[in-house]
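**Student:** If it helps, the file is called upload_5.cif and holds mmCIF, C-alpha atoms:
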data_structure
#
loop_
_atom_site.label_atom_id
_atom_site.label_comp_id
_atom_site.auth_asym_id
_atom_site.auth_seq_id
_atom_site.Cartn_x
_atom_site.Cartn_y
_atom_site.Cartn_z
CA MET A 1372 0.00 0.00 0.00
CA THR A 1373 1.69 3.19 -1.17
CA GLU A 1374 -0.27 5.92 0.68
CA VAL A 1375 -1.60 4.28 3.82
CA ASP A 1376 -3.00 7.44 5.43
CA VAL A 1377 -4.86 8.51 2.29
CA THR A 1378 -6.20 5.04 1.53
CA LEU A 1379 -7.46 4.32 5.04
CA THR A 1380 -9.12 7.72 5.45
CA ASP A 1381 -10.72 7.30 2.04
CA TYR A 1382 -12.09 3.90 3.06
CA ALA A 1383 -13.32 5.43 6.33
CA VAL A 1384 -15.34 7.94 4.31
CA THR A 1385 -16.69 5.00 2.30
CA ALA A 1386 -17.87 3.24 5.46
CA GLU A 1387 -19.42 6.43 6.84
CA CYS A 1388 -21.35 7.23 3.67
CA ALA A 1389 -22.44 3.61 3.26
CA CYS A 1390 -23.97 3.81 6.75
CA PHE A 1391 -25.71 7.09 5.91
CA THR A 1392 -27.07 5.59 2.70
CA TYR A 1393 -28.46 2.60 4.57
CA LEU A 1394 -30.13 4.81 7.18
CA PHE A 1395 -32.01 6.71 4.46
CA ILE A 1396 -33.70 3.55 3.21
CA PRO A 1397 -37.09 3.24 4.98
CA ALA A 1398 -38.24 -0.09 6.39
CA ARG A 1399 -41.76 0.03 4.96
CA SER A 1400 -42.97 3.32 3.53
CA PRO A 1401 -42.12 4.42 -0.05
CA ILE A 1402 -38.97 6.47 -0.33
CA SER A 1403 -39.36 10.16 -1.14
CA GLN A 1404 -37.62 11.93 -4.03
CA LEU A 1405 -35.59 14.04 -1.61
CA ALA A 1406 -34.46 10.96 0.31
CA THR A 1407 -33.51 9.33 -3.00
CA ALA A 1408 -31.42 12.39 -3.90
CA PHE A 1409 -29.61 12.21 -0.56
CA ILE A 1410 -28.99 8.49 -1.11
CA ILE A 1411 -27.41 9.27 -4.48
CA PHE A 1412 -25.38 12.06 -2.85
CA PHE A 1413 -23.90 9.87 -0.11
CA LEU A 1414 -23.64 6.70 -2.19
CA SER A 1415 -21.72 8.49 -4.96
CA ILE A 1416 -19.28 9.80 -2.36
CA ALA A 1417 -18.88 6.28 -0.94
CA VAL A 1418 -18.10 4.85 -4.38
CA ALA A 1419 -15.74 7.73 -5.22
CA ALA A 1420 -13.90 7.27 -1.92
CA THR A 1421 -13.55 3.53 -2.54
CA ALA A 1422 -12.16 4.04 -6.04
CA GLY A 1423 -9.97 6.97 -5.02
CA GLY A 1424 -8.59 5.14 -1.99
CA THR A 1425 -7.77 2.13 -4.14
CA VAL A 1426 -5.91 4.35 -6.60
CA HIS A 1427 -3.87 6.00 -3.82
CA GLY A 1428 -3.16 2.70 -2.14
CA PHE A 1429 -2.52 0.32 -5.01
CA PHE A 1430 -2.41 2.14 -8.36
CA ALA A 1431 -0.40 5.30 -7.71
CA ASP A 1432 1.46 4.81 -11.00
CA GLU A 1433 -0.47 6.89 -13.54
CA LYS A 1434 0.56 4.48 -16.30
CA SER A 1435 -0.99 1.46 -14.60
CA PHE A 1436 -4.25 0.01 -15.89
CA GLY A 1437 -5.91 0.41 -12.49
CA HIS A 1438 -5.09 4.12 -12.37
CA ARG A 1439 -6.27 4.74 -15.93
CA VAL A 1440 -9.63 3.11 -15.16
CA LEU A 1441 -10.30 3.96 -11.53
CA TRP A 1442 -9.16 7.59 -11.44
CA PRO A 1443 -11.51 8.89 -14.16
CA PHE A 1444 -14.25 6.77 -12.55
CA THR A 1445 -13.54 8.49 -9.23
CA LEU A 1446 -13.93 11.92 -10.83
CA PHE A 1447 -17.08 10.73 -12.61
CA CYS A 1448 -18.61 9.78 -9.25
CA VAL A 1449 -17.70 13.19 -7.85
CA GLY A 1450 -19.64 14.67 -10.77
CA ILE A 1451 -22.68 12.62 -9.73
CA THR A 1452 -22.30 13.99 -6.19
CA ALA A 1453 -22.31 17.53 -7.57
CA PHE A 1454 -25.43 16.82 -9.62
CA ALA A 1455 -27.21 15.33 -6.58
CA GLY A 1456 -26.25 18.36 -4.50
CA ILE A 1457 -27.75 20.72 -7.06
CA HIS A 1458 -30.98 18.71 -7.19
CA ILE A 1459 -31.24 18.61 -3.39
CA SER A 1460 -30.74 22.37 -3.16
CA ALA A 1461 -33.35 23.03 -5.83
CA ALA A 1462 -35.81 20.64 -4.17
CA LEU A 1463 -35.40 22.45 -0.84
CA LEU A 1464 -36.04 25.89 -2.34
CA PHE A 1465 -38.14 25.78 -5.50
CA SER A 1466 -41.24 24.40 -7.16
CA SER A 1467 -41.29 21.32 -9.40
CA THR A 1468 -41.07 23.41 -12.59
CA ALA A 1469 -37.96 25.22 -11.42
CA ILE A 1470 -36.45 21.96 -10.22
CA ARG A 1471 -36.85 20.40 -13.67
CA LEU A 1472 -35.17 23.37 -15.37
CA ILE A 1473 -32.29 23.31 -12.91
CA ASP A 1474 -31.92 19.55 -13.37
CA ILE A 1475 -31.71 19.97 -17.15
CA ALA A 1476 -28.98 22.58 -16.78
CA SER A 1477 -27.16 20.34 -14.30
CA VAL A 1478 -27.29 17.39 -16.68
CA LEU A 1479 -25.71 19.47 -19.44
CA VAL A 1480 -22.94 20.60 -17.08
CA PHE A 1481 -22.42 17.01 -15.94
CA LEU A 1482 -22.13 15.77 -19.53
CA ALA A 1483 -19.59 18.48 -20.39
CA TYR A 1484 -17.62 17.67 -17.23
CA THR A 1485 -17.66 13.95 -18.09
CA VAL A 1486 -16.29 14.59 -21.57
CA ILE A 1487 -13.48 16.70 -20.11
CA ILE A 1488 -12.37 14.16 -17.49
CA LEU A 1489 -12.57 11.23 -19.91
CA PHE A 1490 -10.93 12.72 -22.97
CA ILE A 1491 -9.10 15.92 -22.05
CA ARG A 1492 -7.82 16.09 -18.50
CA SER A 1493 -8.34 13.93 -15.38
CA ASP A 1494 -7.38 16.43 -12.72
CA PHE A 1495 -8.95 16.48 -9.24
CA ARG A 1496 -8.90 20.26 -9.42
CA LEU A 1497 -11.53 20.01 -12.16
CA ALA A 1498 -13.68 17.93 -9.82
CA VAL A 1499 -13.32 20.57 -7.11
CA LEU A 1500 -14.26 23.35 -9.51
CA ASN A 1501 -17.23 21.30 -10.71
CA TYR A 1502 -18.73 20.57 -7.30
CA LEU A 1503 -17.91 23.95 -5.68
CA PRO A 1504 -21.05 25.65 -7.11
CA SER A 1505 -23.08 22.67 -5.90
CA LEU A 1506 -21.69 23.06 -2.38
CA ILE A 1507 -22.35 26.80 -2.34
CA PHE A 1508 -25.92 26.18 -3.55
CA LEU A 1509 -26.42 23.48 -0.90
CA ALA A 1510 -25.07 25.70 1.87
CA SER A 1511 -27.41 28.48 0.78
CA ALA A 1512 -30.37 26.09 0.68
CA PHE A 1513 -29.70 24.78 4.19
CA LEU A 1514 -29.33 28.31 5.53
CA ILE A 1515 -32.53 29.57 3.87
CA VAL A 1516 -34.57 26.59 5.06
CA HIS A 1517 -33.13 27.10 8.56
CA LEU A 1518 -34.25 30.74 8.54
CA ARG A 1519 -37.70 29.71 7.34
CA SER A 1520 -38.23 26.81 9.72
CA GLY A 1521 -36.03 27.65 12.68
CA LYS A 1522 -34.65 24.09 12.69
CA SER A 1523 -31.12 24.07 14.10
CA ALA A 1524 -30.23 20.87 12.23
CA LEU A 1525 -30.33 22.82 8.97
CA LEU A 1526 -27.80 25.28 10.40
CA VAL A 1527 -25.58 22.32 11.26
CA GLY A 1528 -25.81 21.30 7.62
CA PHE A 1529 -24.87 24.80 6.50
CA TRP A 1530 -21.72 24.72 8.60
CA GLY A 1531 -21.03 21.18 7.43
CA VAL A 1532 -20.97 22.33 3.82
CA CYS A 1533 -18.69 25.20 4.86
CA VAL A 1534 -16.31 22.65 6.41
CA MET A 1535 -16.39 20.64 3.17
CA ILE A 1536 -15.50 23.75 1.16
CA ALA A 1537 -12.68 24.52 3.59
CA ALA A 1538 -11.48 20.92 3.29
CA ALA A 1539 -11.32 21.21 -0.49
CA GLY A 1540 -9.37 24.44 -0.13
CA ALA A 1541 -6.91 22.83 2.28
CA GLN A 1542 -6.47 19.93 -0.13
CA GLN A 1543 -5.74 22.22 -3.06
CA LEU A 1544 -3.27 24.22 -0.95
CA LYS A 1545 -1.65 20.89 0.08
CA TRP A 1546 -2.03 21.65 3.80
CA ALA A 1547 -0.78 18.61 5.74
CA LEU A 1548 -0.34 17.67 9.39
CA HIS A 1549 2.53 15.32 8.50
CA SER A 1550 4.11 14.62 5.14
CA ARG A 1551 4.04 10.84 5.69
CA PHE A 1552 1.36 10.00 8.25
CA CYS A 1553 -1.29 12.63 7.50
CA ASN A 1554 -0.71 14.43 4.21
CA HIS A 1555 -3.02 16.95 2.56
CA ASN A 1556 -5.27 14.27 1.06
CA ALA A 1557 -5.71 12.53 4.41
CA VAL A 1558 -6.51 15.87 6.08
CA TYR A 1559 -9.09 16.46 3.37
CA HIS A 1560 -10.73 13.11 4.07
CA VAL A 1561 -10.84 13.66 7.83
CA LEU A 1562 -12.46 17.08 7.43
CA GLN A 1563 -14.77 15.66 4.77
CA ALA A 1564 -15.93 12.92 7.16
CA LEU A 1565 -16.83 15.54 9.78
CA ALA A 1566 -18.61 17.67 7.18
CA LEU A 1567 -20.60 14.71 5.84
CA TRP A 1568 -21.83 13.82 9.33
CA MET A 1569 -23.08 17.39 9.77
CA ILE A 1570 -24.75 17.28 6.34
CA PHE A 1571 -26.38 13.97 7.27
CA ILE A 1572 -27.97 15.62 10.31
CA ALA A 1573 -29.42 18.35 8.08
CA ALA A 1574 -30.51 15.78 5.51
CA GLN A 1575 -32.56 13.88 8.07
CA GLU A 1576 -34.28 17.09 9.18
CA SER A 1577 -34.89 18.11 5.57
CA ILE A 1578 -36.68 14.83 4.87
CA ARG A 1579 -38.79 15.20 8.03
CA LEU A 1580 -39.80 18.70 6.95
CA GLU A 1581 -40.72 17.42 3.50
CA GLU A 1582 -42.91 14.70 4.98
CA TYR A 1583 -44.57 17.21 7.35
CA THR A 1584 -45.47 19.60 4.51
CA ARG A 1585 -46.93 16.97 2.15
#
Translate the structure described by the file into structure tokens.

**Tutor:**
Amino acid sequence: MTEVDVTLTDYAVTAECACFTYLFIPARSPISQLATAFIIFFLSIAVAATAGGTVHGFFADEKSFGHRVLWPFTLFCVGITAFAGIHISAALLFSSTAIRLIDIASVLVFLAYTVIILFIRSDFRLAVLNYLPSLIFLASAFLIVHLRSGKSALLVGFWGVCVMIAAAGAQQLKWALHSRFCNHNAVYHVLQALALWMIFIAAQESIRLEEYTR
């Protein structure tokens, strides 16, 4: 295993998001569209973390077959996360007509992003730039719904998204606690895990609010 700290923290994010995904699946009642969107959000992160951790741990050589397959797939999954984040934000704030228009625009952006990472450049910075607007939109949605409803869990989600944005910034600036045992990618994953837990809290409250207003 070449990057133990990065691989293990990536796999920890996988386990966390897999648990969140499972908890969103109801035992009996039909699943709502918002809950489905959150499942896609967390599941795509889980898959991306699994693929990304495997690349860092076992296919660090960019010329290897595993790297050439798994790294673009990792970025593709991040694109799905961004799309899910946009849909969630729109669903929290707007009517069905507006949601459909936003989804169409998001699909076009996702397709363009996919073409770039598959055929032009597979750079994680592109993934960050792609999901940054989604995170800003999601933070705004949580904050607005918090102001409307007074639910503190939505404010937790707002700050969780802020932590995720800060984590991405730290990763791009290569801020590390230790060059070998906790490099900038591992720091990113640790902060991301904290942020995702906070977002999960807001997600649960968002779904409860949706069910209450049906």

**Student:** Could you tell me which of A:Ile1396, A:Pro1443, A:Gly1424, A:Gly1437 comes closest to Ile1491 (chain A) if we count all atoms listed in the file?

**Tutor:**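 Smallest separation from Ile1491 (chain A) among the options: A:Pro1443.
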
**Student:** Could you tell me which residues the PyMOL selection byres ((chain A and resi 1576-1580) around 10) grabs in this file, written as a list in words?

**Tutor:**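 Selected by the PyMOL selection byres ((chain A and resi 1576-1580) around 10) here: Phe1395, Ser1403, Gln1404, Leu1405, Ala1406, Phe1409, Ile1459, Leu1463, Phe1513, Val1516, His1517, Ser1520, Lys1522, Ser1523, Ala1524, Leu1525, Gly1528, Ile1570, Phe1571, Ile1572, Ala1573, Ala1574, Gln1575, Glu1581, Glu1582, Tyr1583, Thr1584 and Arg1585 of chain A.
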
**Student:** What does the structure give for the distance between CA of Ala1417 (chain A) and CA of Leu1482 (chain A), in Å to one decimal?

**Tutor:** 21.1 Å

**Student:** List the residues matched by the PyMOL selection byres ((chain A and resi 1531) around 12) in the displayed structure as a ChimeraX atom specification, ordered by chain and then by residue number.

**Tutor:** /A:1506-1507,1509-1511,1513-1514,1524-1530,1532-1538,1562-1574

**Student:** Need the shell around Ile1451 (chain A): protein/DNA/RNA residues with any atom at most 9 Å away, counting all atoms listed in the file. Skip same-chain ones fewer than 3 positions apart. Format as a list of chain:residue names?

**Tutor:** A:Ile1411, A:Phe1412, A:Ser1415, A:Ile1416, A:Leu1446, A:Phe1447, A:Cys1448, A:Phe1454, A:Ala1455, A:Gly1456, A:Phe1481

**Student:** Starting from the shown file, work through the PyMOL selection byres ((chain A and resi 1494) around 12) and note down what comes out as an mmCIF file with C-alpha atoms, in the frame of the given file.

**Tutor:**
data_model
loop_
_atom_site.group_PDB
_atom_site.id
_atom_site.type_symbol
_atom_site.label_atom_id
_atom_site.label_comp_id
_atom_site.auth_asym_id
_atom_site.auth_seq_id
_atom_site.Cartn_x
_atom_site.Cartn_y
_atom_site.Cartn_z
ATOM 1 C CA GLU A 1433 -0.470 6.890 -13.540
ATOM 2 C CA TRP A 1442 -9.160 7.590 -11.440
ATOM 3 C CA PRO A 1443 -11.510 8.890 -14.160
ATOM 4 C CA PHE A 1444 -14.250 6.770 -12.550
ATOM 5 C CA THR A 1445 -13.540 8.490 -9.230
ATOM 6 C CA LEU A 1446 -13.930 11.920 -10.830
ATOM 7 C CA PHE A 1447 -17.080 10.730 -12.610
ATOM 8 C CA VAL A 1449 -17.700 13.190 -7.850
ATOM 9 C CA TYR A 1484 -17.620 17.670 -17.230
ATOM 10 C CA THR A 1485 -17.660 13.950 -18.090
ATOM 11 C CA ILE A 1487 -13.480 16.700 -20.110
ATOM 12 C CA ILE A 1488 -12.370 14.160 -17.490
ATOM 13 C CA LEU A 1489 -12.570 11.230 -19.910
ATOM 14 C CA PHE A 1490 -10.930 12.720 -22.970
ATOM 15 C CA ILE A 1491 -9.100 15.920 -22.050
ATOM 16 C CA ARG A 1492 -7.820 16.090 -18.500
ATOM 17 C CA SER A 1493 -8.340 13.930 -15.380
ATOM 18 C CA PHE A 1495 -8.950 16.480 -9.240
ATOM 19 C CA ARG A 1496 -8.900 20.260 -9.420
ATOM 20 C CA LEU A 1497 -11.530 20.010 -12.160
ATOM 21 C CA ALA A 1498 -13.680 17.930 -9.820
ATOM 22 C CA VAL A 1499 -13.320 20.570 -7.110
ATOM 23 C CA LEU A 1500 -14.260 23.350 -9.510
ATOM 24 C CA ASN A 1501 -17.230 21.300 -10.710
ATOM 25 C CA GLN A 1543 -5.740 22.220 -3.060
#

**Student:** From the set A:Ile1410, A:Thr1373, A:Thr1380, A:Ala1419, which residue has the shortest atom-to-atom contact distance to Pro1397 (chain A), counting all atoms listed in the file?

**Tutor:**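 Closest to Pro1397 (chain A), using all atoms listed in the file: A:Ile1410.
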
**Student:** If you measure from CA of Val1440 (chain A) to CA of Ile1457 (chain A), what distance in Å do you get, rounded to one decimal?

**Tutor:**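 So the two atoms, CA of Val1440 (chain A) and CA of Ile1457 (chain A), lie 26.5 Å apart.
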